[in-house]
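K.L.:
Please see the structure below; I have some questions.
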Amino acid sequence: MSAICVIGTGYVGLVTGVCFADMGNTVHCLDINQERIINLQKGIMPIYEPGLEELVERNVAANRLFFTTDYSEALHNAEFAFIAVGTPSGVDGEADLSYVRDAAEKIAEVIDHPIIIVNKSTVPVGTGDWVADIIRKKRGKNTLEYYVVSNPEFLREGSAIHDFMQPDRVVLGSVHQKAAEAVAALYQPLRAPTLITDLRTAEMIKYASNAFLATRISFINEIANICDELGADVREVAQGMGLDKRIGHAFLDAGLGWGGSCFPKDVKALAHMAVLHGTHPQLLQAVMDINRNQRRRVVMKLRNLVGGSLVDKTIGILGLSFKPNTDDIREAPALEIIHLLRNEGGHVRAYDPQAMENTSKAIPELQLCTNPYEVAQDADGLILVTEWNEFKQLDFKRIYSIMRTPVLIDGRNQWDSQAMRKLGFTYFGIGQGNHVQAAE
Ligand SMILES: NC(=O)c1ccc[n+]([C@@H]2O[C@H](COP(=O)([O-])OP(=O)(O)OC[C@H]3O[C@@H](n4cnc5c(N)ncnc54)[C@H](O)[C@@H]3O)[C@@H](O)[C@H]2O)c1
């Protein structure tokens with residue numbers, strides 16, 4: 001059993017804290033957001049994540065999990081301080097490290113015993129050394145025994161607890177082998193393959209992994225767009241490709257592209273790092289361009305299907321979160337699509353099972369509906385943006401009867417194109433050979 005402090009109670013920090021507590025450790029979760037901490041103390045979750053609330057409740061009741069805004073309280077006796085604060089995009093695409101800096105400075109101010117500082121935030125290569133420098137400078141002559149370990153996180157929102165508890169791998173990087181091994185021991189109950197490497201390599205593994213996954217999605221989206229023109233079906237192309245063990249099936253679903261709190265900022269930050277150091281990241285640039293175009297393409301398609309103009313057309317959006325099973329709308333495709341539709345004079349309304357509260361903060365004037373049928377009522381087009389389960393088997397007869405113009409854009413290839421066309425819809429999926437099939 002260890003004493004752990006986790007700094008930041010977002011998707012990563014809160015999940016990390018509660019999972020380590022559940023393994024028997026004593027965990028203090030800390031945040032500078034007072035409202036968040038007060039709510040957590042009352043059992044109110046700041047995010048939607050399946051299974052999280054029950055796990056928090058159980059570990060608070062067992063006296064293993066505590067929430068505070070006080071660094072001294074959180075770090076008192078802590079053997080490990082996990083930094084899990086946000087690292088959003090800065091103005092030029094670089095990672096904004098101001099929250100990491102604040103956390104490191106605070107640790108340096110209050111700590112009075114040896115500590116291992118574990119960086120879980122996704123940070124540019126070299127940040128581990130930078131954090132060590134911040135602490136050294138801040139302490140001055142009042143030296144401290146501390147070690148910095150990079151421990152990038154690979155969990156996915158929507159299945160975060162499962163991913164944390166059953167990770168494909170644990171990656172640790174440090175110049176101090178013993179410190180890395182001490183962190184590895186925390187994860188030992190999970191029996192996951194563990195890679196111990198140097199700080200910079202560990203930091204790069206995270207960026208390279210996210211960039212690779214984003215590349216797969218952009219790749220299949222590019223293939224989808226070619227399929228549309230040539231009359232092939234990308235869903236079967238992906239299936240055929242994925243059966244090759246060297247390729248596999250994951251991240252080969254054509255759609256509206258990637259979004260969320262990680263891929264966009266991480267690909268951008270990696271490209272920024274590359275340019276800063278004199279290399280030309282042309283693949284990463286293309287991956288980002290394809291992703292941007294995917295959203296524009298769908299709006300262009302809809303415009304064509306409703307008669308060449310979106311002015312005064314009513315468009316319904318199904319799904320706002322960047323993917324199902326989360327309320328996270330950071331860089332969600334829906335936001336950009338809504339923006340593009342409105343720019344062209346369309347009236348947009350939307351529904352999402354979990355992300356409406358966050359969306360109403362981001363776009364207060366957006367018309368939000370209580371269910372998919374309200375979205376479809378008198379609409380000229382309906383776009384499926386996020387493939388929540390509840391959108392998979394809608395009452396399409398009803399939807400057909402209440403839409404003004406029955407145009408469906410299936411942005412995630414979830415619906416049966418033949419069945420939809422049989423019902424009378426004008427249906428457009430992604431990469432289903434639509435152009436050629438429509439012409440035939
Ligand atoms: N969300 C994901 O799916 C995911 C997955 C893997 C890695 N990551 C990485 O993990 C990091 C955290 O991501 P997130 O999505 O959990 O962020 P988040 O925005 O959900 O949460 C960050 C939290 O940190 C708090 N915070 C900021 N500065 C602080 C400080 N100085 N002291 C204490 N708390 C502070 C904020 O108030 C907020 O509650 C990022 O670097 C991200 O790239 C995220």
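By order in the structure tokens, chains are A, B, ...; within a chain, residues start at 1; ligands start at 1, following the order shown.
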Select the residues contacting ligand 1 at a distance of at most 7 Å, based on only C-alpha atoms and all ligand atoms, then format the selection as a PyMOL selection string.

P.N.:
chain A and resi 7-13+30-33+84-87+99-100+102-103+120-123+152-157+261-262

K.L.:
Would you give me, as an NGL selection string, the residues in stretch 230-368 of chain A that DSSP reads as helix (DSSP H, G or I)?

P.N.:
:A and (230 or 234-242 or 263-276 or 282-305 or 333-343 or 356-362)

K.L.:
Compare A:Gln285, A:Asn119, A:Ser72, A:Thr405 by their minimum atom-to-atom distance to A:Ser218, counting only C-alpha atoms, and give me the closest one.

P.N.:
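The answer is A:Gln285, which sits nearest to A:Ser218.
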
K.L.:
Which neighbours of stretch 416-432 of chain A fall inside 8 Å, counting only C-alpha atoms, when residues of the same chain fewer than 5 positions from it are skipped, and could you give them as a list in words?

P.N.:
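Once the adjacent positions are removed, what remains is Asn221, Ile223, Ala224, Asn225, Ile226, Cys227, Asp228, Gly231, Ala232, Asp233, Val234, Arg235, Ala254, Gly255, Leu305, Phe396, Lys397, Tyr400, Pro406, Val407, Leu408, Ile409, Asp410 and Gly411 of chain A.
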
K.L.:
Find the spatial neighbours of A:Asn343, counting only C-alpha atoms, within a cut-off of 10 Å - ignore same-chain residues fewer than 5 positions away - and output them as a PyMOL selection string.

P.N.:
chain A and resi 310-311+337-338

K.L.:
Neighbours of stretch 386-395 of chain A within 8 Å (only C-alpha atoms; same-chain residues fewer than 2 positions away dropped), as a PyMOL selection string?

P.N.:
chain A and resi 318-325+334+353+372+384+397-399+411-412+414-415

K.L.:
Excluding same-chain residues fewer than 3 positions from A:Arg295, what lies within 8 Å of it counting only C-alpha atoms, as a list of chain:residue names?

P.N.:
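Here the answer would be A:Leu256, A:Gly257, A:Asn291, A:Arg292, A:Val298, A:Val299, A:Pro333, A:Glu336, A:Ile337.
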
K.L.:
Got a sec: who's within 7 Å of A:Phe67, counting only C-alpha atoms, leaving out chain neighbours fewer than 3 positions off, as number ranges by chain?

P.N.:
A: 28-30, 37, 40-41

K.L.:
Identify all residues of stretch 177-426 of chain A in strand (DSSP E) (DSSP on the backbone) and supply them as a PyMOL selection string.

P.N.:
chain A and resi 194-197+314-318+347-351+367-368+381-384+407-410+426

K.L.:
Let's have the selection written as a PDB file, in the first residue's frame, with C-alpha atoms.

P.N.:
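Saved file again_37.pdb follows:
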```pdb
ATOM      1  CA  THR A 194       5.693  -2.851 -18.631  1.00  0.00           C
ATOM      2  CA  LEU A 195       8.283  -0.934 -20.608  1.00  0.00           C
ATOM      3  CA  ILE A 196      10.872   1.043 -18.695  1.00  0.00           C
ATOM      4  CA  THR A 197      12.820   3.474 -20.822  1.00  0.00           C
ATOM      5  CA  THR A 314     -33.356  23.116 -40.853  1.00  0.00           C
ATOM      6  CA  ILE A 315     -30.649  20.592 -40.100  1.00  0.00           C
ATOM      7  CA  GLY A 316     -30.766  18.098 -37.251  1.00  0.00           C
ATOM      8  CA  ILE A 317     -27.621  16.822 -35.562  1.00  0.00           C
ATOM      9  CA  LEU A 318     -27.623  13.490 -33.747  1.00  0.00           C
ATOM     10  CA  HIS A 347     -30.862  26.488 -38.742  1.00  0.00           C
ATOM     11  CA  VAL A 348     -29.369  23.778 -36.592  1.00  0.00           C
ATOM     12  CA  ARG A 349     -30.863  21.776 -33.773  1.00  0.00           C
ATOM     13  CA  ALA A 350     -29.307  18.867 -31.924  1.00  0.00           C
ATOM     14  CA  TYR A 351     -29.629  16.118 -29.369  1.00  0.00           C
ATOM     15  CA  GLN A 367     -31.364  24.754 -30.177  1.00  0.00           C
ATOM     16  CA  LEU A 368     -31.179  21.566 -28.120  1.00  0.00           C
ATOM     17  CA  GLY A 381     -31.626  16.943 -43.319  1.00  0.00           C
ATOM     18  CA  LEU A 382     -30.423  14.798 -40.446  1.00  0.00           C
ATOM     19  CA  ILE A 383     -26.735  14.121 -39.775  1.00  0.00           C
ATOM     20  CA  LEU A 384     -25.596  11.283 -37.540  1.00  0.00           C
ATOM     21  CA  VAL A 407     -32.255  13.390 -46.288  1.00  0.00           C
ATOM     22  CA  LEU A 408     -30.064  11.277 -44.024  1.00  0.00           C
ATOM     23  CA  ILE A 409     -26.329  11.738 -43.750  1.00  0.00           C
ATOM     24  CA  ASP A 410     -24.934   8.755 -41.907  1.00  0.00           C
ATOM     25  CA  THR A 426     -32.127  10.070 -49.650  1.00  0.00           C
TER      26      THR A 426
END
```

K.L.:
From the set A:Leu276, A:Ile220, A:Met300, A:Leu366, which residue has the shortest atom-to-atom contact distance to A:Gly93, counting only C-alpha atoms?

P.N.:
A:Leu276

K.L.:
Counting only C-alpha atoms, which of A:Ile47, A:Val110, A:Ala184, A:Leu75 gets nearest to A:Arg169?

P.N.:
A:Ala184

K.L.:
Which residue is closest to A:Ala132? Choose from A:Ser174, A:Gln166, A:Ser89, A:Thr68 and count only C-alpha atoms.

P.N.:
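Closest to A:Ala132, using only C-alpha atoms: A:Ser174.
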
K.L.:
Between atom CA of A:Phe80 and atom CA of A:Ala179, what is the spacing in Å?

P.N.:
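Going from atom CA of A:Ala179 over to atom CA of A:Phe80 covers 9.8 Å.
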